[in-house]
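S.K.: Supplied in structure tokens, the structure appears directly below.
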Amino acid sequence: ANSGHHAIRGHIVTVVADPFLSSDALVEHTDGLIIVEGGVIAAVGPYAELEDRLGPDAHIDHHPDGIITAGFIDTHVHYVQTGIIAAFGAQLIDWLNTYTFVEEQRFADKTHAAAVASVFFDQLLSNGTTTALTFCAVYPESVDAFFEEATRRNMRMAGGKVLMDRNAPAHLLDTAQSGYDDSKALIEKWHGKGRNHYAVTPRFAPTSTQGQLDAAATLLKEHPGTLMHTHVSENLGEIAWVRSLFPEADGYLDVYDRAGLLQPGAVLAHGVHLTAHERLRVHETGSAVSHCPTSNLFLGSGLFHVHQAKNHTHPIKVGLGTDIGAGTSFSLLSTMNEAYKVAQLTQYPLDSIKMLYLATLGGAEALGLQDRIGSIEVGKEADLVVLDTKATPLLDFRSAQVQSLEEQLFVLAVMGDDRVIQSTYIAGDVAYSRDGH
Ligand code: GUN
Ligand code: ZN
């Protein structure tokens, strides 16, 4: 439970502005203190300046060897695909038909959904992820299982029922009307309850009729503050298919644009092949892209050009997504590592501060939650992660040679994964501890 007043001490590192656009985005306190009250950060700064503010019986968690940063935000993940990570040999559409649409049918069973949700949330926490925007399955039961688990763990989570009324197995289909009705009931049940956010979730243009996309837009208008979550321009074959299904639209993104689905709080997964004009529309509408490098490499989808998305004239909000189960790791550190390599192949050196931004505040901005989460600042919720720079013998050896914070963060991103996560805090409370205390 939220004890009234406690504190966390260590090497605090947090990104408080967009480093693609601003040159001093990083805040560091080498011996810092975070004072938490009611789950919220009441003060943060140098320990020496803040220790007087602690009462005599205040409890301090001291992490002398840990880097404390904001909890990671996964802006695109499918909890219902936890069981099909590492499915061999297919690109997007074949992968969906062969593995995904088979697996997701199991989530009509609430017991199964609850069991997988429990595994999924354990994975988030042991990877330092404190917020995720999540696809559920088409079945309302799968959404109940998700939000029940999120509520139990007091995590700021977003998710929704998949809308899909064509081009999938009959058992996975809803209709424009039933998808609308089920989503509405789920919004009323879960949105704004505790730390939960509902996301209206049309899977992608190929599996929704125009009527269903219109119904999704109606849901968003009727429930301000709900998110919109879908996929766009991930794979070249997919894009050609969308063009044939919606010949009247001016490309893939325009299908969503015409339906009225693009707005702040709309998160588009992948966007690997967006054109310059499409990127401009994403910018103009205040929508966001979730960059999912492990997935894009695993499915052979292509290389996302992060510096194009973050260009100075029309920057797009970008966060990182694991995209489990097409993605191959729950770790946002591993996802940063792959983002770095993808950027290398586009001739762009993605530095560690930008990577940390994408995994924290950038994700919060993509979800429109930057007032609550994404950095360690007064008034934000104390969702934190402690990174162990000595987590493995090789990391210990390498970390001993670093010359700067930027280099240390880069080493953690490139070499790190769940072994580096020492503790994860949710609203100021320890929700995961690697060493079990
Ligand atoms: N496009 C439509 N559905 C999916 C999905 O489940 N995963 C990925 N990676 N892309 C999709
Ligand atoms: Zn996805």
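Ordering of the structure tokens sets the chain letters (A, B, ...), residue numbers begin anew at 1 in every chain, and ligands are numbered from 1 in the order given.
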Can I get the residues close to ligand 2 as a list in words, where close means within 8 Å and we count only C-alpha atoms and all ligand atoms?

M.R.: His76, Val77, His78, Phe135, Thr230, His231, Ala269, His270, Asp323, Ile324, Gly325 and Ala326 of chain A

S.K.: Given a cut-off of 10 Å, what residues near ligand 1 show up using only C-alpha atoms and all ligand atoms, put as a VMD selection string?

M.R.: chain A and resid 76 to 78 80 to 81 91 to 93 95 to 97 99 to 101 104 135 to 137 162 164 202 to 207 230 to 235 238 269 to 270 292 295 to 296 298 to 299 301 322 to 327

S.K.: Can I get the selection written as a PDB file, in the first residue's frame, with C-alpha atoms?

M.R.:
ATOM      1  CA  HIS A  76       2.800  -1.286 -28.409  1.00  0.00           C
ATOM      2  CA  VAL A  77       2.448  -4.851 -27.162  1.00  0.00           C
ATOM      3  CA  HIS A  78      -0.023  -7.764 -27.464  1.00  0.00           C
ATOM      4  CA  VAL A  80      -2.424 -12.298 -25.946  1.00  0.00           C
ATOM      5  CA  GLN A  81       0.660 -13.133 -28.041  1.00  0.00           C
ATOM      6  CA  GLN A  91       6.411 -12.379 -42.596  1.00  0.00           C
ATOM      7  CA  LEU A  92       3.419 -10.352 -41.412  1.00  0.00           C
ATOM      8  CA  ILE A  93       0.332 -11.739 -43.160  1.00  0.00           C
ATOM      9  CA  TRP A  95       2.588 -14.950 -39.482  1.00  0.00           C
ATOM     10  CA  LEU A  96      -0.887 -13.612 -38.558  1.00  0.00           C
ATOM     11  CA  ASN A  97      -2.695 -16.479 -40.281  1.00  0.00           C
ATOM     12  CA  TYR A  99       0.294 -18.366 -35.581  1.00  0.00           C
ATOM     13  CA  THR A 100      -1.517 -15.294 -34.285  1.00  0.00           C
ATOM     14  CA  PHE A 101      -5.105 -15.913 -35.311  1.00  0.00           C
ATOM     15  CA  GLU A 104      -5.828 -15.484 -30.053  1.00  0.00           C
ATOM     16  CA  PHE A 135      -3.770  -5.194 -27.562  1.00  0.00           C
ATOM     17  CA  CYS A 136      -6.128  -7.704 -25.975  1.00  0.00           C
ATOM     18  CA  ALA A 137      -8.106 -10.202 -28.112  1.00  0.00           C
ATOM     19  CA  VAL A 162      -9.565  -5.823 -30.803  1.00  0.00           C
ATOM     20  CA  MET A 164     -12.042  -7.110 -36.424  1.00  0.00           C
ATOM     21  CA  PRO A 202      -9.216  -1.582 -34.634  1.00  0.00           C
ATOM     22  CA  ARG A 203      -6.559  -4.233 -35.432  1.00  0.00           C
ATOM     23  CA  PHE A 204      -5.556  -2.732 -38.801  1.00  0.00           C
ATOM     24  CA  ALA A 205      -7.310  -1.579 -41.930  1.00  0.00           C
ATOM     25  CA  PRO A 206      -7.444  -5.016 -43.628  1.00  0.00           C
ATOM     26  CA  THR A 207      -9.529  -6.577 -40.833  1.00  0.00           C
ATOM     27  CA  THR A 230      -3.829   0.277 -34.389  1.00  0.00           C
ATOM     28  CA  HIS A 231      -1.124  -0.783 -36.849  1.00  0.00           C
ATOM     29  CA  VAL A 232      -0.031   1.077 -39.984  1.00  0.00           C
ATOM     30  CA  SER A 233       2.402   0.618 -42.891  1.00  0.00           C
ATOM     31  CA  GLU A 234       4.387  -2.218 -41.365  1.00  0.00           C
ATOM     32  CA  ASN A 235       4.929  -4.438 -44.405  1.00  0.00           C
ATOM     33  CA  GLU A 238       0.138  -5.287 -46.283  1.00  0.00           C
ATOM     34  CA  ALA A 269       2.321   0.820 -34.473  1.00  0.00           C
ATOM     35  CA  HIS A 270       5.266   0.524 -36.873  1.00  0.00           C
ATOM     36  CA  CYS A 292       9.046  -1.601 -32.775  1.00  0.00           C
ATOM     37  CA  SER A 295       9.463  -6.914 -34.431  1.00  0.00           C
ATOM     38  CA  ASN A 296      10.391  -5.116 -37.636  1.00  0.00           C
ATOM     39  CA  PHE A 298      11.973 -10.419 -36.792  1.00  0.00           C
ATOM     40  CA  LEU A 299       9.196 -10.224 -39.420  1.00  0.00           C
ATOM     41  CA  SER A 301       9.214  -5.699 -42.253  1.00  0.00           C
ATOM     42  CA  THR A 322       8.174  -4.375 -27.951  1.00  0.00           C
ATOM     43  CA  ASP A 323       5.289  -5.674 -30.102  1.00  0.00           C
ATOM     44  CA  ILE A 324       5.356  -9.043 -28.338  1.00  0.00           C
ATOM     45  CA  GLY A 325       4.739 -11.641 -29.925  1.00  0.00           C
ATOM     46  CA  ALA A 326       6.216 -10.449 -33.267  1.00  0.00           C
ATOM     47  CA  GLY A 327       8.772  -8.640 -31.166  1.00  0.00           C
TER      48      GLY A 327
END

S.K.: Please identify all polymer residues within 10 Å of Phe120 in chain A, counting only C-alpha atoms, omitting same-chain residues fewer than 2 positions from it, and present them as a ChimeraX atom specification.

M.R.: /A:78-83,114-118,122-125,146,149,324,330

S.K.: List the spatial neighbours of Arg166 in chain A as a PyMOL selection string - criterion: any atom at most 9 Å away, only C-alpha atoms, same-chain residues fewer than 3 positions off excluded.

M.R.: chain A and resi 169-170+173-175+206-209

S.K.: My list of candidates is A:Leu280, A:Ala150, A:Thr328, A:Glu49. Which is closest to Ala87 in chain A when distances are computed with only C-alpha atoms?

M.R.: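 Smallest separation from Ala87 in chain A among the options: A:Thr328.
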
S.K.: Go through A:Arg434, A:Ala413, A:Val242, A:Ser334 one by one, measure the shortest atom-to-atom distance of each to Asn167 in chain A using only C-alpha atoms, and give the residue with the smallest value.

M.R.: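 So, comparing all the options, the nearest one is A:Val242.
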
S.K.: Which neighbours of Gly225 in chain A fall inside 12 Å, counting only C-alpha atoms, when residues of the same chain fewer than 4 positions from it are skipped, and could you give them as a PyMOL selection string?

M.R.: chain A and resi 158+187+191-192+196-200+219-221+263-266+367-369

S.K.: Which neighbours of range 357-362 of chain A fall inside 6 Å, counting only C-alpha atoms, when residues of the same chain fewer than 4 positions from it are skipped, and could you give them as a PyMOL selection string?

M.R.: chain A and resi 15+72-73+318-320+374-375

S.K.: Using only C-alpha atoms, pick whichever of A:Ala113, A:Ile41, A:Ala364, A:Ala215 has the shortest atom-to-atom distance to Glu148 in chain A.

M.R.: A:Ala113

S.K.: Write out as a list in words the residues lying within 9 Å of Asp182 in chain A, counting only C-alpha atoms and excluding same-chain residues fewer than 3 positions away.

M.R.: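 Listing them by chain and then by number gives Tyr139, Pro140, Lys161, Gln177, Ser178, Gly179, Ala185, Leu186 and Ile187 of chain A.
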